$ cat model03.pdb   # PDB, C-alpha atoms
ATOM      1  CA  MET T  15     -19.985  65.716-156.753
ATOM      2  CA  LEU T  16     -19.836  69.358-157.266
ATOM      3  CA  ASP T  17     -16.661  70.419-158.927
ATOM      4  CA  ARG T  18     -14.808  72.661-156.540
ATOM      5  CA  ASP T  19     -11.515  74.406-155.964
ATOM      6  CA  GLU T  20     -11.169  74.561-159.733
ATOM      7  CA  ASP T  21      -8.942  77.604-159.887
ATOM      8  CA  ILE T  22      -7.360  77.102-156.489
ATOM      9  CA  LEU T  23      -5.345  74.023-157.366
ATOM     10  CA  LYS T  24      -4.408  75.458-160.736
ATOM     11  CA  ALA T  25      -3.254  78.641-159.006
ATOM     12  CA  ALA T  26      -1.215  76.561-156.538
ATOM     13  CA  GLU T  27       0.578  74.880-159.440
ATOM     14  CA  ASP T  28       1.095  78.132-161.341
ATOM     15  CA  TRP T  29       2.424  79.992-158.287
ATOM     16  CA  GLN T  30       4.840  77.207-157.400
ATOM     17  CA  LYS T  31       6.125  77.025-160.985
ATOM     18  CA  ALA T  32       6.607  80.794-160.966
ATOM     19  CA  GLY T  33       8.964  80.343-158.025
ATOM     20  CA  ARG T  34       6.685  81.395-155.190
ATOM     21  CA  GLY T  35       6.507  79.634-151.831
ATOM     22  CA  VAL T  36       3.071  78.024-151.693
ATOM     23  CA  ALA T  37       1.016  76.232-149.042
ATOM     24  CA  LEU T  38      -2.265  74.389-149.279
ATOM     25  CA  ALA T  39      -4.708  74.255-146.357
ATOM     26  CA  THR T  40      -7.465  71.652-146.491
ATOM     27  CA  VAL T  41     -10.389  70.926-144.155
ATOM     28  CA  VAL T  42      -9.925  67.253-143.228
ATOM     29  CA  GLU T  43     -12.496  66.843-140.467
ATOM     30  CA  THR T  44     -15.560  68.682-139.238
ATOM     31  CA  TRP T  45     -17.844  68.303-136.238
ATOM     32  CA  GLY T  46     -21.116  70.055-135.631
ATOM     33  CA  SER T  47     -22.291  72.802-137.912
ATOM     34  CA  ALA T  48     -19.002  73.544-139.652
ATOM     35  CA  PRO T  49     -19.365  76.127-142.411
ATOM     36  CA  ARG T  50     -17.487  74.232-145.139
ATOM     37  CA  PRO T  51     -17.200  70.476-145.745
ATOM     38  CA  ALA T  52     -14.106  68.269-145.633
ATOM     39  CA  GLY T  53     -12.071  68.790-148.786
ATOM     40  CA  SER T  54     -12.574  72.581-148.860
ATOM     41  CA  SER T  55      -9.258  74.266-149.374
ATOM     42  CA  LEU T  56      -7.296  77.460-149.329
ATOM     43  CA  VAL T  57      -4.066  78.139-151.185
ATOM     44  CA  ILE T  58      -1.632  80.724-149.898
ATOM     45  CA  ASN T  59       1.592  82.115-151.357
ATOM     46  CA  ASP T  60       4.551  83.713-149.603
ATOM     47  CA  GLU T  61       3.266  87.186-150.463
ATOM     48  CA  GLY T  62       0.195  86.484-148.349
ATOM     49  CA  THR T  63      -2.129  86.253-151.330
ATOM     50  CA  PHE T  64      -4.735  83.525-150.838
ATOM     51  CA  LEU T  65      -7.612  81.944-152.746
ATOM     52  CA  GLY T  66     -10.458  79.736-151.583
ATOM     53  CA  SER T  67     -11.728  79.219-148.063
ATOM     54  CA  VAL T  68     -11.836  76.696-145.244
ATOM     55  CA  SER T  69     -14.491  78.316-143.072
ATOM     56  CA  GLY T  70     -16.233  81.033-144.994
ATOM     57  CA  GLY T  71     -14.137  83.710-143.339
ATOM     58  CA  CYS T  72     -13.944  82.878-139.619
ATOM     59  CA  VAL T  73     -10.433  81.440-139.350
ATOM     60  CA  GLU T  74      -8.750  82.265-142.657
ATOM     61  CA  GLY T  75      -6.518  84.883-141.059
ATOM     62  CA  ALA T  76      -5.071  82.391-138.582
ATOM     63  CA  VAL T  77      -4.646  79.748-141.292
ATOM     64  CA  VAL T  78      -2.702  82.177-143.479
ATOM     65  CA  THR T  79      -0.361  83.009-140.568
ATOM     66  CA  GLU T  80       0.308  79.308-139.896
ATOM     67  CA  ALA T  81       0.754  78.684-143.627
ATOM     68  CA  MET T  82       3.613  81.191-143.722
ATOM     69  CA  ASP T  83       5.447  79.078-141.120
ATOM     70  CA  VAL T  84       4.753  75.913-143.097
ATOM     71  CA  ILE T  85       6.167  77.497-146.269
ATOM     72  CA  GLN T  86       9.313  78.335-144.287
ATOM     73  CA  SER T  87       9.752  75.008-142.500
ATOM     74  CA  GLY T  88       8.360  72.675-145.155
ATOM     75  CA  LYS T  89       6.738  70.641-142.362
ATOM     76  CA  PRO T  90       2.992  69.954-142.535
ATOM     77  CA  ARG T  91       0.840  71.027-139.604
ATOM     78  CA  MET T  92      -2.618  70.172-138.287
ATOM     79  CA  LEU T  93      -4.736  73.038-136.980
ATOM     80  CA  GLU T  94      -7.947  72.782-135.017
ATOM     81  CA  PHE T  95     -10.534  75.500-134.619
ATOM     82  CA  GLY T  96     -13.707  75.482-132.585
ATOM     83  CA  VAL T  97     -15.599  77.360-129.946
ATOM     84  CA  ALA T  98     -13.934  75.243-127.243
ATOM     85  CA  ASP T  99     -10.581  76.463-128.452
ATOM     86  CA  GLU T 100      -8.582  78.750-126.166
ATOM     87  CA  THR T 101      -8.299  81.228-129.005
ATOM     88  CA  ALA T 102     -12.027  81.132-129.636
ATOM     89  CA  TRP T 103     -12.433  84.817-128.953
ATOM     90  CA  ASN T 104      -9.964  85.578-131.679
ATOM     91  CA  VAL T 105     -10.445  82.988-134.358
ATOM     92  CA  GLY T 106     -13.250  80.653-133.227
ATOM     93  CA  LEU T 107     -16.086  79.537-135.431
ATOM     94  CA  SER T 108     -19.180  81.530-134.618
ATOM     95  CA  CYS T 109     -21.376  78.681-135.875
ATOM     96  CA  GLY T 110     -20.378  76.429-132.979
ATOM     97  CA  GLY T 111     -18.727  73.777-135.110
ATOM     98  CA  THR T 112     -15.176  72.459-134.967
ATOM     99  CA  ILE T 113     -12.864  71.961-137.914
ATOM    100  CA  ARG T 114      -9.449  70.418-138.393
ATOM    101  CA  VAL T 115      -7.307  71.920-141.123
ATOM    102  CA  PHE T 116      -4.222  70.252-142.642
ATOM    103  CA  VAL T 117      -1.634  72.726-143.889
ATOM    104  CA  GLU T 118       1.129  71.522-146.221
ATOM    105  CA  LYS T 119       3.754  73.061-148.415
ATOM    106  CA  VAL T 120       3.442  72.694-152.191
ATOM    107  CA  GLY T 121       6.644  71.763-153.983
TER     108      GLY T 121
ATOM    109  CA  MET F  29       2.109  68.191-151.680
ATOM    110  CA  LYS F  30       4.795  67.421-154.218
ATOM    111  CA  ILE F  31       4.490  69.554-157.331
ATOM    112  CA  GLU F  32       4.503  66.417-159.536
ATOM    113  CA  ILE F  33       1.470  65.085-157.659
ATOM    114  CA  LEU F  34      -0.306  68.441-157.905
ATOM    115  CA  HIS F  35       0.422  68.546-161.633
ATOM    116  CA  GLU F  36      -0.993  65.047-162.092
ATOM    117  CA  LEU F  37      -4.050  65.927-160.004
ATOM    118  CA  ASN F  38      -4.757  68.988-162.144
ATOM    119  CA  ALA F  39      -4.312  66.974-165.349
ATOM    120  CA  GLU F  40      -6.768  64.304-164.158
ATOM    121  CA  ARG F  41      -9.300  66.956-163.144
ATOM    122  CA  ALA F  42      -8.984  68.704-166.500
ATOM    123  CA  ALA F  43      -9.632  65.371-168.222
ATOM    124  CA  ARG F  44     -12.747  64.815-166.040
ATOM    125  CA  ARG F  45     -11.297  61.620-164.551
ATOM    126  CA  PRO F  46     -12.166  60.984-160.888
ATOM    127  CA  VAL F  47      -9.280  60.641-158.426
ATOM    128  CA  ILE F  48      -8.784  60.509-154.678
ATOM    129  CA  MET F  49      -5.779  62.013-152.926
ATOM    130  CA  VAL F  50      -4.765  59.929-149.909
ATOM    131  CA  THR F  51      -2.837  61.926-147.299
ATOM    132  CA  ASP F  52      -1.249  60.557-144.141
ATOM    133  CA  THR F  53      -1.992  63.569-141.967
ATOM    134  CA  GLU F  54       0.785  62.747-139.504
ATOM    135  CA  SER F  55       3.706  62.216-141.878
ATOM    136  CA  GLY F  56       2.347  64.310-144.749
ATOM    137  CA  GLU F  57       2.931  61.421-147.181
ATOM    138  CA  GLN F  58       0.599  61.410-150.160
ATOM    139  CA  ARG F  59      -0.493  59.336-153.086
ATOM    140  CA  LEU F  60      -2.993  59.968-155.854
ATOM    141  CA  VAL F  61      -5.275  57.044-156.687
ATOM    142  CA  LYS F  62      -7.110  56.995-160.011
ATOM    143  CA  ALA F  63     -10.618  55.504-160.007
ATOM    144  CA  LYS F  64      -9.531  52.833-162.488
ATOM    145  CA  ASP F  65      -6.939  51.628-159.955
ATOM    146  CA  PHE F  66      -9.317  51.437-156.965
ATOM    147  CA  GLY F  67      -9.831  47.677-157.458
ATOM    148  CA  LYS F  68      -6.244  46.809-156.598
ATOM    149  CA  ASP F  69      -5.879  49.293-153.749
ATOM    150  CA  PRO F  70      -5.785  48.154-150.097
ATOM    151  CA  LEU F  71      -8.289  50.933-149.330
ATOM    152  CA  ARG F  72     -10.625  49.989-152.169
ATOM    153  CA  ALA F  73     -13.791  49.714-150.025
ATOM    154  CA  GLU F  74     -13.265  53.183-148.521
ATOM    155  CA  LEU F  75     -12.228  54.695-151.862
ATOM    156  CA  ASP F  76     -15.281  53.262-153.624
ATOM    157  CA  LYS F  77     -17.627  54.534-150.960
ATOM    158  CA  GLN F  78     -16.219  58.052-150.801
ATOM    159  CA  LEU F  79     -16.169  58.480-154.569
ATOM    160  CA  ARG F  80     -19.726  57.214-154.875
ATOM    161  CA  MET F  81     -20.865  59.714-152.252
ATOM    162  CA  GLY F  82     -18.668  62.420-153.744
ATOM    163  CA  LYS F  83     -17.449  63.211-150.222
ATOM    164  CA  SER F  84     -13.997  63.692-148.752
ATOM    165  CA  ALA F  85     -13.367  62.138-145.322
ATOM    166  CA  SER F  86     -10.796  61.166-142.712
ATOM    167  CA  VAL F  87     -10.403  57.442-142.042
ATOM    168  CA  GLU F  88      -8.133  55.238-139.942
ATOM    169  CA  ALA F  89      -6.402  52.321-141.640
ATOM    170  CA  GLY F  90      -3.417  50.218-140.594
ATOM    171  CA  GLY F  91      -2.829  52.452-137.576
ATOM    172  CA  LYS F  92      -2.594  55.530-139.776
ATOM    173  CA  LYS F  93      -4.837  58.571-139.900
ATOM    174  CA  LEU F  94      -5.599  59.160-143.548
ATOM    175  CA  PHE F  95      -7.510  61.887-145.313
ATOM    176  CA  LEU F  96      -9.255  60.871-148.527
ATOM    177  CA  ASN F  97      -9.838  63.938-150.674
ATOM    178  CA  VAL F  98     -12.284  63.184-153.472
ATOM    179  CA  TYR F  99     -12.000  64.967-156.795
ATOM    180  CA  ALA F 100     -15.021  63.958-158.848
ATOM    181  CA  PRO F 101     -15.989  65.769-162.045
ATOM    182  CA  THR F 102     -19.266  67.696-162.144
ATOM    183  CA  ALA F 103     -21.908  65.334-163.459
ATOM    184  CA  LYS F 104     -23.527  66.287-166.738
ATOM    185  CA  LEU F 105     -27.021  65.573-167.934
ATOM    186  CA  VAL F 106     -27.694  65.475-171.658
ATOM    187  CA  ILE F 107     -31.393  65.566-172.519
ATOM    188  CA  VAL F 108     -32.215  64.615-176.091
ATOM    189  CA  GLY F 109     -35.665  66.004-176.767
ATOM    190  CA  ALA F 110     -36.863  69.497-175.900
ATOM    191  CA  VAL F 111     -40.267  68.159-174.864
ATOM    192  CA  HIS F 112     -42.620  68.987-172.000
ATOM    193  CA  ILE F 113     -40.893  66.563-169.585
ATOM    194  CA  SER F 114     -37.548  68.189-170.385
ATOM    195  CA  GLN F 115     -38.889  71.603-169.376
ATOM    196  CA  ALA F 116     -39.373  70.190-165.865
ATOM    197  CA  LEU F 117     -36.298  67.946-165.932
ATOM    198  CA  ALA F 118     -33.718  70.593-166.873
ATOM    199  CA  PRO F 119     -34.261  72.951-163.896
ATOM    200  CA  LEU F 120     -34.631  70.026-161.472
ATOM    201  CA  ALA F 121     -31.327  68.519-162.620
ATOM    202  CA  ARG F 122     -29.616  71.893-162.312
ATOM    203  CA  SER F 123     -30.827  72.263-158.748
ATOM    204  CA  LEU F 124     -29.185  68.881-158.062
ATOM    205  CA  GLY F 125     -25.849  70.175-159.349
ATOM    206  CA  TYR F 126     -25.787  68.795-162.898
ATOM    207  CA  ASP F 127     -24.527  70.687-165.932
ATOM    208  CA  VAL F 128     -27.511  70.347-168.242
ATOM    209  CA  THR F 129     -27.708  70.530-172.042
ATOM    210  CA  VAL F 130     -30.821  70.013-174.135
ATOM    211  CA  VAL F 131     -30.516  68.731-177.703
ATOM    212  CA  ASP F 132     -33.322  68.723-180.261
ATOM    213  CA  PRO F 133     -33.076  69.456-183.992
ATOM    214  CA  ARG F 134     -36.689  70.660-184.037
ATOM    215  CA  THR F 135     -36.356  74.393-183.523
ATOM    216  CA  ALA F 136     -40.017  74.749-182.551
ATOM    217  CA  PHE F 137     -39.216  72.585-179.529
ATOM    218  CA  ALA F 138     -35.688  73.770-178.781
ATOM    219  CA  SER F 139     -36.564  77.420-178.242
ATOM    220  CA  PRO F 140     -35.177  79.729-175.550
ATOM    221  CA  GLU F 141     -38.747  80.705-174.643
ATOM    222  CA  ARG F 142     -39.422  77.110-173.616
ATOM    223  CA  PHE F 143     -35.998  76.658-171.992
ATOM    224  CA  PRO F 144     -34.843  79.891-170.395
ATOM    225  CA  ASP F 145     -31.285  79.693-169.004
ATOM    226  CA  VAL F 146     -30.624  76.169-170.310
ATOM    227  CA  PRO F 147     -27.928  75.544-172.968
ATOM    228  CA  LEU F 148     -29.816  74.389-176.071
ATOM    229  CA  VAL F 149     -28.418  72.772-179.197
ATOM    230  CA  ALA F 150     -30.921  72.789-182.070
ATOM    231  CA  GLU F 151     -29.035  70.253-184.204
ATOM    232  CA  TRP F 152     -29.306  66.566-185.057
ATOM    233  CA  PRO F 153     -27.532  64.283-182.558
ATOM    234  CA  ASP F 154     -24.695  63.484-185.001
ATOM    235  CA  THR F 155     -23.746  67.178-185.045
ATOM    236  CA  ALA F 156     -24.854  68.203-181.558
ATOM    237  CA  LEU F 157     -23.379  65.438-179.408
ATOM    238  CA  PRO F 158     -19.656  65.137-180.263
ATOM    239  CA  PRO F 159     -18.776  68.668-179.004
ATOM    240  CA  LEU F 160     -20.555  67.999-175.679
ATOM    241  CA  ASN F 161     -17.835  65.542-174.594
ATOM    242  CA  VAL F 162     -20.318  63.039-173.268
ATOM    243  CA  ASP F 163     -18.427  60.781-170.830
ATOM    244  CA  ALA F 164     -18.685  58.341-167.922
ATOM    245  CA  TYR F 165     -19.764  61.237-165.664
ATOM    246  CA  THR F 166     -22.724  61.973-167.898
ATOM    247  CA  ALA F 167     -26.316  60.894-167.453
ATOM    248  CA  PHE F 168     -28.041  60.639-170.813
ATOM    249  CA  VAL F 169     -31.768  60.628-171.491
ATOM    250  CA  ALA F 170     -33.567  60.306-174.812
ATOM    251  CA  VAL F 171     -37.143  61.520-174.619
ATOM    252  CA  THR F 172     -38.234  62.638-178.098
ATOM    253  CA  HIS F 173     -40.266  59.484-178.890
ATOM    254  CA  ASP F 174     -38.839  59.871-182.399
ATOM    255  CA  PRO F 175     -36.479  57.040-183.454
ATOM    256  CA  LYS F 176     -34.767  59.301-186.003
ATOM    257  CA  ILE F 177     -33.532  61.433-183.098
ATOM    258  CA  ASP F 178     -33.408  59.032-180.120
ATOM    259  CA  ASP F 179     -31.658  56.107-181.841
ATOM    260  CA  PRO F 180     -28.459  57.831-183.015
ATOM    261  CA  ALA F 181     -28.306  59.629-179.668
ATOM    262  CA  LEU F 182     -28.462  56.340-177.760
ATOM    263  CA  LEU F 183     -25.738  54.819-179.947
ATOM    264  CA  HIS F 184     -23.542  57.771-178.994
ATOM    265  CA  ALA F 185     -24.316  57.270-175.289
ATOM    266  CA  PHE F 186     -23.293  53.570-175.496
ATOM    267  CA  GLU F 187     -20.027  54.502-177.148
ATOM    268  CA  ARG F 188     -19.222  57.099-174.458
ATOM    269  CA  ASN F 189     -20.061  54.774-171.564
ATOM    270  CA  CYS F 190     -22.492  57.129-169.799
ATOM    271  CA  PHE F 191     -23.152  56.151-166.182
ATOM    272  CA  TYR F 192     -26.878  56.357-166.795
ATOM    273  CA  ILE F 193     -28.825  55.926-170.019
ATOM    274  CA  GLY F 194     -32.604  56.265-170.041
ATOM    275  CA  ALA F 195     -35.197  56.348-172.784
ATOM    276  CA  LEU F 196     -38.875  57.174-172.793
ATOM    277  CA  GLY F 197     -41.348  54.573-173.966
ATOM    278  CA  SER F 198     -43.395  51.572-172.902
ATOM    279  CA  ARG F 199     -41.958  48.054-172.757
ATOM    280  CA  LYS F 200     -43.422  47.386-176.200
ATOM    281  CA  THR F 201     -41.856  50.538-177.665
ATOM    282  CA  HIS F 202     -38.596  49.623-175.986
ATOM    283  CA  ALA F 203     -38.562  46.107-177.485
ATOM    284  CA  LYS F 204     -38.884  47.623-180.978
ATOM    285  CA  ARG F 205     -36.158  50.131-180.136
ATOM    286  CA  GLY F 206     -33.886  47.248-179.118
ATOM    287  CA  ASP F 207     -34.411  45.579-182.493
ATOM    288  CA  ARG F 208     -33.620  48.793-184.360
ATOM    289  CA  LEU F 209     -30.487  49.518-182.339
ATOM    290  CA  ARG F 210     -29.197  45.962-182.741
ATOM    291  CA  ALA F 211     -29.668  46.302-186.504
ATOM    292  CA  GLN F 212     -27.373  49.353-186.273
ATOM    293  CA  GLY F 213     -24.661  47.434-184.462
ATOM    294  CA  ALA F 214     -25.562  47.818-180.774
ATOM    295  CA  LYS F 215     -24.745  44.846-178.533
ATOM    296  CA  ASP F 216     -27.258  43.173-176.229
ATOM    297  CA  SER F 217     -25.226  44.478-173.298
ATOM    298  CA  ASP F 218     -25.698  48.031-174.636
ATOM    299  CA  ILE F 219     -29.466  47.612-174.924
ATOM    300  CA  ALA F 220     -29.543  46.174-171.392
ATOM    301  CA  ARG F 221     -27.997  49.379-170.093
ATOM    302  CA  ILE F 222     -31.008  51.471-171.148
ATOM    303  CA  HIS F 223     -33.399  52.276-168.323
ATOM    304  CA  ALA F 224     -36.779  51.880-170.017
ATOM    305  CA  PRO F 225     -39.437  52.660-169.143
ATOM    306  CA  ILE F 226     -37.457  55.601-167.828
ATOM    307  CA  GLY F 227     -37.491  56.617-164.134
ATOM    308  CA  LEU F 228     -38.299  54.912-160.855
ATOM    309  CA  ALA F 229     -41.807  53.476-160.610
ATOM    310  CA  ILE F 230     -43.433  56.068-158.336
ATOM    311  CA  GLY F 231     -46.691  56.379-160.247
ATOM    312  CA  ALA F 232     -45.608  59.652-161.857
ATOM    313  CA  VAL F 233     -48.295  61.302-163.980
ATOM    314  CA  SER F 234     -47.385  64.924-164.738
ATOM    315  CA  PRO F 235     -44.205  66.015-166.565
ATOM    316  CA  SER F 236     -42.798  67.325-163.258
ATOM    317  CA  GLU F 237     -43.463  64.034-161.499
ATOM    318  CA  ILE F 238     -41.833  62.122-164.340
ATOM    319  CA  ALA F 239     -38.841  64.456-164.004
ATOM    320  CA  VAL F 240     -38.665  63.566-160.288
ATOM    321  CA  SER F 241     -38.788  59.840-161.089
ATOM    322  CA  ILE F 242     -35.990  60.240-163.663
ATOM    323  CA  MET F 243     -33.730  62.219-161.312
ATOM    324  CA  ALA F 244     -34.450  59.749-158.493
ATOM    325  CA  GLU F 245     -33.319  56.912-160.751
ATOM    326  CA  ILE F 246     -30.202  58.796-161.856
ATOM    327  CA  THR F 247     -29.376  59.582-158.207
ATOM    328  CA  ALA F 248     -29.735  55.909-157.268
ATOM    329  CA  VAL F 249     -27.404  54.844-160.067
ATOM    330  CA  LEU F 250     -24.888  57.511-159.065
ATOM    331  CA  ARG F 251     -24.898  56.943-155.317
ATOM    332  CA  LEU F 252     -25.934  53.396-154.446
ATOM    333  CA  PRO F 253     -23.537  50.453-154.350
ATOM    334  CA  ALA F 254     -24.130  47.952-157.175
ATOM    335  CA  LYS F 255     -26.193  45.472-155.140
ATOM    336  CA  GLU F 256     -28.645  47.968-153.645
ATOM    337  CA  LYS F 257     -28.956  49.573-157.066
ATOM    338  CA  GLU F 258     -30.425  46.358-158.461
ATOM    339  CA  GLU F 259     -32.933  46.241-155.624
ATOM    340  CA  ALA F 260     -34.062  49.824-156.244
ATOM    341  CA  ALA F 261     -34.573  49.279-159.966
TER     342      ALA F 261
END

$ encode --input "model03.pdb" --output "structure tokens"
Amino acid sequence: MLDRDEDILKAAEDWQKAGRGVALATVVETWGSAPRPAGSSLVINDEGTFLGSVSGGCVEGAVVTEAMDVIQSGKPRMLEFGVADETAWNVGLSCGGTIRVFVEKVG
Amino acid sequence: MKIEILHELNAERAARRPVIMVTDTESGEQRLVKAKDFGKDPLRAELDKQLRMGKSASVEAGGKKLFLNVYAPTAKLVIVGAVHISQALAPLARSLGYDVTVVDPRTAFASPERFPDVPLVAEWPDTALPPLNVDAYTAFVAVTHDPKIDDPALLHAFERNCFYIGALGSRKTHAKRGDRLRAQGAKDSDIARIHAPIGLAIGAVSPSEIAVSIMAEITAVLRLPAKEKEEAA
């Protein structure tokens, strides 16, 4: 019951109210030795500024890129990352785990 | 996430009220469920379990893939009595993720030398406790052995509906404490909420072992479903 993402969700609300495009990415499932548990989240605005993490650094870059599309389209998207992934060499998890990340627009 | 839902989520978190966000990960539909409304929710069994464990998880229900994101406040531990047991209890509780505060009006006990790095309030409970915002996500232990300090503290813990209330003392001491508290307006149901003798019966002898037995009992109350909790006690 550790309190988490304290400033992240507040930042998401503040950014949206300030007129920015905002997306929220949340780990919804993990298999194997995933670096961060389900519920971990990342908030991204349309300037590319982000707070929080979904993997401790391995896949954040790819999540931010996808989040930009989600801010544009308004449609949520499910992303999956793992070593078995075709893009593993680029954005795979070095720990060998697999994570599924839900990306949604705020607003 | 709709901004109205995000706003409500942030307000509930600021007020230290537990909530779970339920997201249909295919449609993106969302609803925020407050802990007080779990009982009437179709997902109540899953919601109860996830909140108790303090863990977010994906589940399947009614042919839908749902993500249950748990927002539980950080648990607090208020220790009334800056005694030897508390010196072991405070760091142990912190390592388990609790926000710990020690209260004792006796400045010889409540000294930073005895409690490095732990927030200390060297005031009587009537002054010390109200600013601590003791709530339903607070475990509360009274370990001074001094009725002048323990009794008003326990009355405060009843009023604030702490999820765990424990007090040091033998069964005999506890029976006398019950009489005193009733005379000050406590109900039988309040007295029954006190875990006394405090801690799980693990044969603890040293202050550190007693601290382990207390944190084990608090963990059981926090995590176990009601029925298993009774069996552990």

$ residues_around --input "model03.pdb" --residues "F:Gly227" --least-positions-apart "3" --cutoff "9 Å" --atoms "all atoms listed in the file" --output "PyMOL selection string"
chain F and resi 194-196+223-224+230+232+238-246+261

$ atom_distance --input "model03.pdb" --atom1 "atom CA of T:Ala26" --atom2 "atom CA of F:Ala164"
27.7 Å

$ resolve_selection --input "model03.pdb" --expression "the ChimeraX specification (/F :<8) & /T" --output "list in words"
Met15, Leu16, Asp17, Leu23, Lys24, Glu27, Gln30, Leu38, Val42, Glu43, Ala52, Gly53, Pro90, Met92, Phe116, Glu118, Lys119, Val120 and Gly121 of chain T

$ residues_around --input "model03.pdb" --residues "stretch 203-215 of chain F" --least-positions-apart "2" --cutoff "8 Å" --atoms "all atoms listed in the file" --output "VMD selection string"
chain F and resid 175 179 183 199 to 201 217 to 219

$ closest_residue --input "model03.pdb" --among "F:Val233, F:Val146, F:Leu60, F:Ala73" --to "F:Pro253" --atoms "all atoms listed in the file"
F:Ala73

$ resolve_selection --input "model03.pdb" --expression "the PyMOL selection byres ((chain F and resi 187) around 10)" --output "PyMOL selection string"
chain F and resi 162-163+182-186+188-190+214+218
